[in-house]
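Some notes on the structure that comes next.
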Protein chains: 2
Amino acid sequence: MAVEHSGTGDPARSMALLWRAADREGRTGLSVDRIVAAAIALADSDGIAALSMRKVAEKLGVGAMSLYTYVPGKGELIDLMIDQVLGEPERPELPANWRARLEHVARSNLALYRAHPWMLQVGTGRPPMGPNLIAKYDYELGALEGIGLSDIEMDTTLTSVLGYVTGAAQAAVEFAQAPDRSGMSDEAWWEVQAPLLEKVFDPKRFPLASRVGASAGEAYGLIDVDHAFEFGLQRLLDGIEAFVARN
Amino acid sequence: MAVEHSGTGDPARSMALLWRAADREGRTGLSVDRIVAAAIALADSDGIAALSMRKVAEKLGVGAMSLYTYVPGKGELIDLMIDQVLGEPERPELPANWRARLEHVARSNLALYRAHPWMLQVGTGRPPMGPNLIAKYDYELGALEGIGLSDIEMDTTLTSVLGYVTGAAQAAVEFAQAPDRSGMSDEAWWEVQAPLLEKVFDPKRFPLASRVGASAGEAYGLIDVDHAFEFGLQRLLDGIEAFVARN
DNA sequence: GGACGTTCCGTACGGCGTACGGTACACCGT
DNA sequence: ACGGTGTACCGTACGCCGTACGGAACGTCC
């Protein structure tokens with residue numbers, strides 16, 4: 001359980017891999033790209049917990065140890081997976097309105113997390129400095145360029161928005177895929193949970209949880225998870241707008 | 001790697017455990033509480049990746065399989081760990097000013113993540129419905145009570161703030177503990193990384209990343225990770241304040 | 001003292017990451 | 001055409017993991 005990445009290995013080797021210096025192809029057609037792609041496919045469909053070197057190798061019709069010719073270890077493979085998916089989003093010309101630009105950045109990140117939920121579970125301290133991470137950073141800074149913010153304010157503001165997106169996406173995405181993972185619909189889950197909760201839960205002790213929880217429960221479906229994401233995003237952008245205006 | 005929790009087991013059993021119905025104590029002094037406490041201590045110090053039933057048992061001077069008398073499995077143990085740490089924060093009377101209340105909630109959550117970074121790595125869809133989770137929800141809703149929001153708006157607003165805190169905390173906490181985990185200071189890491197990056201990085205292709213990254217790099221230490229957390233929080237609260245005012 | 005229920009746990013199975021060392025192939029100089 | 005050499009591939013094995021299973025040890029009651 002729990003996800004570590006990179007770290008241990010030779011940084012120079014990692015960097016060479018990320019930037020695809022010396023990209024070979026073996027006699028079975030194996031390559032870093034194919035390994036990374038297979039690993040991403042596995043993680044997308046079965047979660048990062050189910051990602052194993054043996055399974056990746058099997059998917060490629062190859063012995064497990066063959067992977068180590070191309071990739072130093074699982075940690076580095078995950079680094080490569082991260083930078084790879086960071087390169088997926090299209091990065092079209094940004095609109096003239098900076099707020100629309102920032103909205104696009106936020107939604108694009110949410111879409112990324114939706115497509116690759118395992119991204120939410122890999123640690124982000126010391127990220128792998130690959131080409132796509134840098135391209136993403138550069139592109140996203142473009143949303144905040146030319147509106148009167150200092151460099152540091154730009155960085156901090158972007159970090160704030162991405163922080164919000166990460167946190168909100170975590171809730172939204174994991175909630176959305178809970179039925180699949182557990183083989184149990186949300187309704188079924190509540191039908192099991194509710195009577196159990198009723199036996200131990202004292203509404204008098206937790207009046208707000210009781211009242212608001214009931215309201216939120218009824219409204220669920222009407223007010224969905226996407227709506228909550230948008231609500232918070234708009235509040236955050238309102239706050240940023242006020243900051244930009246007063247700057 | 002990667003973290004799953006709960007799910008598989010009998011929901012009734014899980015609920016009984018969370019609410020500590022039928023809490024026994026074995027002849028060796030073993031109990032659910034002691035197991036959970038030992039597991040939390042392990043996860044706090046070595047990360048959730050290093051948490052294993054065998055290590056928990058060893059810490060308690062007991063055979064690994066003895067744990068299964070008290071806890072159905074590792075997933076349920078993690079559920080118990082979550083609810084346990086959710087009960088740790090003091091929940092003092094909230095100030096009269098709702099914005100101060102919400103700030104307190106946000107910072108208190110950040111502190112929780114700082115104390116138990118592994119919390120950031122456990123999935124949050126279908127959370128364990130324990131007493132402390134509910135108490136926390138009730139308490140935090142109190143920050144938004146009586147300011148003219150509907151029940152659903154209260155829930156959504158709280159979710160937004162907690163989403164921001166989770167995302168920002170993920171960045172802050174993991175960054176903060178990277179030196180420990182890797183045995184390498186941030187400066188040392190950059191000293192290794194910088195020359196490698198210079199060889200592959202073209203500033204012309206990524207002018208913003210280059211310029212802003214450099215500024216942010218220089219300012220690091222002055223503008224720290226806490227500052228970024230506070231900045232985004234204030235922006236979000238500004239936006240919420242505007243929403244409350246116009247409501 | 002005996003029976004019974006519960007707690008404790010040794011052993012084992014299948015899966016993991018990966019170290020190590022061997023094999024077999026592609027390509028080279030002759 | 002042929003032997004030599006480097007590299008791609010991978011079988012085996014080690015020490016971890018979660019936990020199923022069944023037996024041993026114990027407290028408790030008759």
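In the structure tokens, chains take the letters A, B, ... in the order shown, each chain's residues start at 1, and ligands count up from 1 in the order shown.
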
Could you pull the residues within 12 Å of DT11 (chain C), counting only C-alpha atoms (C1' of nucleotides), minus those fewer than 2 positions along the same chain, as a ChimeraX atom specification?
-> /B:65 /C:9,13 /D:19-23

Could you turn the residues from that selection into a file that holds N, CA and C atoms (P, O5', C5', C4', C3', O3' and C1' of nucleotides), as a PDB file, in the first residue's frame?
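Final output, out.pdb:
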```pdb
ATOM      1  N   MET B  65      -0.758 -12.936  13.659  1.00  0.00           N
ATOM      2  CA  MET B  65      -2.123 -13.409  13.486  1.00  0.00           C
ATOM      3  C   MET B  65      -3.026 -13.077  14.667  1.00  0.00           C
TER       4      MET B  65
ATOM      5  P    DC C   9       0.741 -14.520  20.917  1.00  0.00           P
ATOM      6  O5'  DC C   9       0.892 -15.589  19.737  1.00  0.00           O
ATOM      7  C5'  DC C   9       1.204 -16.943  20.051  1.00  0.00           C
ATOM      8  C4'  DC C   9       1.191 -17.762  18.774  1.00  0.00           C
ATOM      9  C3'  DC C   9       1.925 -17.103  17.583  1.00  0.00           C
ATOM     10  O3'  DC C   9       2.728 -18.075  16.956  1.00  0.00           O
ATOM     11  C1'  DC C   9      -0.162 -17.864  16.930  1.00  0.00           C
ATOM     12  P    DC C  13       2.161 -24.483   1.283  1.00  0.00           P
ATOM     13  O5'  DC C  13       1.298 -23.434   0.470  1.00  0.00           O
ATOM     14  C5'  DC C  13      -0.102 -23.311   0.759  1.00  0.00           C
ATOM     15  C4'  DC C  13      -0.617 -22.090   0.046  1.00  0.00           C
ATOM     16  C3'  DC C  13       0.110 -21.802  -1.266  1.00  0.00           C
ATOM     17  O3'  DC C  13      -0.808 -21.429  -2.264  1.00  0.00           O
ATOM     18  C1'  DC C  13       0.277 -19.940   0.164  1.00  0.00           C
TER      19       DC C  13
ATOM     20  P    DT D  19      -5.500  -8.584   4.869  1.00  0.00           P
ATOM     21  O5'  DT D  19      -5.472 -10.172   5.051  1.00  0.00           O
ATOM     22  C5'  DT D  19      -5.847 -11.005   3.957  1.00  0.00           C
ATOM     23  C4'  DT D  19      -5.622 -12.453   4.338  1.00  0.00           C
ATOM     24  C3'  DT D  19      -6.320 -12.924   5.623  1.00  0.00           C
ATOM     25  O3'  DT D  19      -6.910 -14.197   5.387  1.00  0.00           O
ATOM     26  C1'  DT D  19      -4.123 -13.615   5.617  1.00  0.00           C
ATOM     27  P    DA D  20      -8.512 -14.283   5.237  1.00  0.00           P
ATOM     28  O5'  DA D  20      -8.686 -15.833   4.877  1.00  0.00           O
ATOM     29  C5'  DA D  20      -8.112 -16.346   3.672  1.00  0.00           C
ATOM     30  C4'  DA D  20      -7.812 -17.827   3.828  1.00  0.00           C
ATOM     31  C3'  DA D  20      -8.734 -18.593   4.788  1.00  0.00           C
ATOM     32  O3'  DA D  20      -8.941 -19.907   4.274  1.00  0.00           O
ATOM     33  C1'  DA D  20      -6.496 -18.702   5.581  1.00  0.00           C
ATOM     34  P    DC D  21     -10.065 -20.860   4.933  1.00  0.00           P
ATOM     35  O5'  DC D  21      -9.181 -21.860   5.805  1.00  0.00           O
ATOM     36  C5'  DC D  21      -7.962 -22.380   5.260  1.00  0.00           C
ATOM     37  C4'  DC D  21      -7.213 -23.143   6.326  1.00  0.00           C
ATOM     38  C3'  DC D  21      -8.111 -23.766   7.412  1.00  0.00           C
ATOM     39  O3'  DC D  21      -7.818 -25.142   7.481  1.00  0.00           O
ATOM     40  C1'  DC D  21      -6.315 -22.568   8.384  1.00  0.00           C
ATOM     41  P    DG D  22      -8.869 -26.153   8.277  1.00  0.00           P
ATOM     42  O5'  DG D  22      -7.885 -26.768   9.375  1.00  0.00           O
ATOM     43  C5'  DG D  22      -6.476 -26.837   9.103  1.00  0.00           C
ATOM     44  C4'  DG D  22      -5.735 -26.857  10.422  1.00  0.00           C
ATOM     45  C3'  DG D  22      -6.504 -27.541  11.567  1.00  0.00           C
ATOM     46  O3'  DG D  22      -5.583 -28.283  12.336  1.00  0.00           O
ATOM     47  C1'  DG D  22      -5.916 -25.369  12.206  1.00  0.00           C
ATOM     48  P    DG D  23      -6.064 -29.411  13.427  1.00  0.00           P
ATOM     49  O5'  DG D  23      -5.006 -29.230  14.605  1.00  0.00           O
ATOM     50  C5'  DG D  23      -3.634 -29.046  14.277  1.00  0.00           C
ATOM     51  C4'  DG D  23      -3.005 -28.123  15.299  1.00  0.00           C
ATOM     52  C3'  DG D  23      -3.223 -28.561  16.764  1.00  0.00           C
ATOM     53  O3'  DG D  23      -1.995 -28.429  17.452  1.00  0.00           O
ATOM     54  C1'  DG D  23      -3.881 -26.327  16.475  1.00  0.00           C
TER      55       DG D  23
END
```

Excluding DG3 (chain D) and residues on its chain fewer than 2 positions from it, collect all residues at most 10 Å away from it, counting only C-alpha atoms (C1' of nucleotides), and give them as a list in words.
-> DG29 and DT30 of chain C; DA1 and DT5 of chain D

Up to 10 Å from chain A, what residues of chain D turn up? Count only C-alpha atoms (C1' of nucleotides) and give them as an MDAnalysis selection string.
-> chainID D and resid 7:11 17

Counting only C-alpha atoms (C1' of nucleotides), which residues of chain C sit at most 9 Å from some atom of chain A, and what is each one's closest atom pair with its distance in Å to one decimal, listed by chain and rising residue number, as a tab-separated table?
```
residue	atom	partner	partner_atom	distance
C:DC16	C1'	A:Ser52	CA	7.5
C:DG17	C1'	A:Met53	CA	7.7
C:DT18	C1'	A:Gly73	CA	8.0
C:DC25	C1'	A:Arg27	CA	8.6
C:DA26	C1'	A:Arg27	CA	8.6
```

Please determine the contact residues of chain B with respect to chain A at a cut-off of 6 Å, counting only C-alpha atoms, and supply them as a ChimeraX atom specification.
-> /B:1-3,48-49,121,125,138,151-152,156,160,163-164,166-168,174-175,206,208-209,212,216,228,232,235-236,238-240

Take the residues that were just selected and, keeping N, CA and C atoms, output them as an mmCIF file, in the first residue's frame.
```
data_model
loop_
_atom_site.group_PDB
_atom_site.id
_atom_site.type_symbol
_atom_site.label_atom_id
_atom_site.label_comp_id
_atom_site.auth_asym_id
_atom_site.auth_seq_id
_atom_site.Cartn_x
_atom_site.Cartn_y
_atom_site.Cartn_z
ATOM 1 N N MET B 1 2.295 -0.698 -2.661
ATOM 2 C CA MET B 1 2.026 0.721 -2.840
ATOM 3 C C MET B 1 0.524 1.002 -2.930
ATOM 4 N N ALA B 2 0.191 2.271 -2.880
ATOM 5 C CA ALA B 2 -1.201 2.719 -3.046
ATOM 6 C C ALA B 2 -2.077 2.212 -1.914
ATOM 7 N N VAL B 3 -3.081 2.997 -1.625
ATOM 8 C CA VAL B 3 -3.825 2.715 -0.417
ATOM 9 C C VAL B 3 -5.299 2.452 -0.682
ATOM 10 N N ILE B 48 2.777 5.227 5.479
ATOM 11 C CA ILE B 48 1.794 4.161 5.373
ATOM 12 C C ILE B 48 2.324 2.983 4.571
ATOM 13 N N ALA B 49 3.311 3.249 3.725
ATOM 14 C CA ALA B 49 3.902 2.163 2.942
ATOM 15 C C ALA B 49 4.582 1.155 3.861
ATOM 16 N N GLN B 121 -2.906 10.043 1.979
ATOM 17 C CA GLN B 121 -2.754 8.991 0.984
ATOM 18 C C GLN B 121 -3.838 7.921 1.034
ATOM 19 N N GLY B 125 -13.272 8.374 -0.704
ATOM 20 C CA GLY B 125 -14.610 7.959 -1.114
ATOM 21 C C GLY B 125 -15.100 6.892 -0.145
ATOM 22 N N ASP B 138 -19.920 17.692 12.235
ATOM 23 C CA ASP B 138 -20.847 18.537 13.003
ATOM 24 C C ASP B 138 -20.165 19.813 13.478
ATOM 25 N N ASP B 151 -28.776 24.727 3.951
ATOM 26 C CA ASP B 151 -28.067 23.519 4.381
ATOM 27 C C ASP B 151 -27.109 23.016 3.307
ATOM 28 N N ILE B 152 -27.621 23.006 2.097
ATOM 29 C CA ILE B 152 -26.798 22.481 1.001
ATOM 30 C C ILE B 152 -25.621 23.390 0.720
ATOM 31 N N THR B 156 -21.735 22.328 0.828
ATOM 32 C CA THR B 156 -20.881 22.550 -0.342
ATOM 33 C C THR B 156 -19.709 23.467 -0.006
ATOM 34 N N SER B 160 -15.756 22.611 -0.073
ATOM 35 C CA SER B 160 -14.782 23.373 -0.849
ATOM 36 C C SER B 160 -13.561 23.727 -0.018
ATOM 37 N N GLY B 163 -11.604 20.729 0.701
ATOM 38 C CA GLY B 163 -10.930 20.309 -0.525
ATOM 39 C C GLY B 163 -9.664 21.113 -0.742
ATOM 40 N N TYR B 164 -9.802 22.419 -0.586
ATOM 41 C CA TYR B 164 -8.600 23.245 -0.728
ATOM 42 C C TYR B 164 -7.531 22.836 0.275
ATOM 43 N N THR B 166 -7.042 20.030 1.790
ATOM 44 C CA THR B 166 -6.437 18.742 1.464
ATOM 45 C C THR B 166 -5.388 18.878 0.370
ATOM 46 N N GLY B 167 -5.767 19.580 -0.695
ATOM 47 C CA GLY B 167 -4.845 19.726 -1.815
ATOM 48 C C GLY B 167 -3.611 20.519 -1.442
ATOM 49 N N ALA B 168 -3.832 21.628 -0.765
ATOM 50 C CA ALA B 168 -2.699 22.462 -0.390
ATOM 51 C C ALA B 168 -1.826 21.750 0.637
ATOM 52 N N GLU B 174 4.026 17.069 1.946
ATOM 53 C CA GLU B 174 4.963 16.181 1.271
ATOM 54 C C GLU B 174 6.256 16.885 0.931
ATOM 55 N N PHE B 175 6.137 18.139 0.600
ATOM 56 C CA PHE B 175 7.342 18.920 0.359
ATOM 57 C C PHE B 175 8.172 19.011 1.637
ATOM 58 N N PHE B 206 10.361 27.465 -22.913
ATOM 59 C CA PHE B 206 9.512 27.615 -21.719
ATOM 60 C C PHE B 206 9.878 28.887 -20.981
ATOM 61 N N LEU B 208 8.160 31.279 -19.480
ATOM 62 C CA LEU B 208 7.510 31.578 -18.208
ATOM 63 C C LEU B 208 8.023 30.665 -17.111
ATOM 64 N N ALA B 209 8.096 29.378 -17.410
ATOM 65 C CA ALA B 209 8.606 28.426 -16.432
ATOM 66 C C ALA B 209 10.000 28.843 -15.992
ATOM 67 N N VAL B 212 9.661 32.510 -14.008
ATOM 68 C CA VAL B 212 8.954 32.420 -12.731
ATOM 69 C C VAL B 212 9.607 31.370 -11.823
ATOM 70 N N ALA B 216 10.788 32.155 -8.141
ATOM 71 C CA ALA B 216 10.267 31.382 -7.020
ATOM 72 C C ALA B 216 11.411 30.665 -6.298
ATOM 73 N N ALA B 228 2.100 30.082 1.113
ATOM 74 C CA ALA B 228 1.273 29.723 -0.033
ATOM 75 C C ALA B 228 -0.072 29.172 0.438
ATOM 76 N N GLY B 232 -3.707 31.133 -0.545
ATOM 77 C CA GLY B 232 -4.857 30.519 -1.210
ATOM 78 C C GLY B 232 -6.077 30.477 -0.305
ATOM 79 N N ARG B 235 -7.717 33.849 -0.283
ATOM 80 C CA ARG B 235 -8.435 34.110 -1.527
ATOM 81 C C ARG B 235 -9.769 33.380 -1.516
ATOM 82 N N LEU B 236 -9.714 32.107 -1.114
ATOM 83 C CA LEU B 236 -10.945 31.318 -1.087
ATOM 84 C C LEU B 236 -11.948 31.914 -0.108
ATOM 85 N N ASP B 238 -12.103 35.018 0.852
ATOM 86 C CA ASP B 238 -12.612 36.256 0.247
ATOM 87 C C ASP B 238 -13.781 35.943 -0.676
ATOM 88 N N GLY B 239 -13.602 34.917 -1.491
ATOM 89 C CA GLY B 239 -14.660 34.545 -2.420
ATOM 90 C C GLY B 239 -15.908 34.075 -1.695
ATOM 91 N N ILE B 240 -15.715 33.312 -0.632
ATOM 92 C CA ILE B 240 -16.863 32.835 0.147
ATOM 93 C C ILE B 240 -17.551 34.012 0.827
#
```

Separation of CA of His116 (chain B) from CA of Asp44 (chain B), in Å and rounded to one decimal | 5.5 Å

Would you kindly return, as a PyMOL selection string, each protein, DNA or RNA residue with an atom no farther than 12 Å from any atom of Arg24 (chain B), considering only C-alpha atoms (C1' of nucleotides) and excluding same-chain residues fewer than 4 positions away?
-> (chain B and resi 17+20+28-34+69-71) or (chain C and resi 6-7)

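Taking C1' of DG14 (chain C) and CA of Val36 (chain B) as endpoints, the distance between them is 27.2 Å.
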
By how many Å are CA of Ile78 (chain A) and C1' of DA13 (chain D) apart?
->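 Pair CA of Ile78 (chain A) / C1' of DA13 (chain D) returns 25.5 Å.
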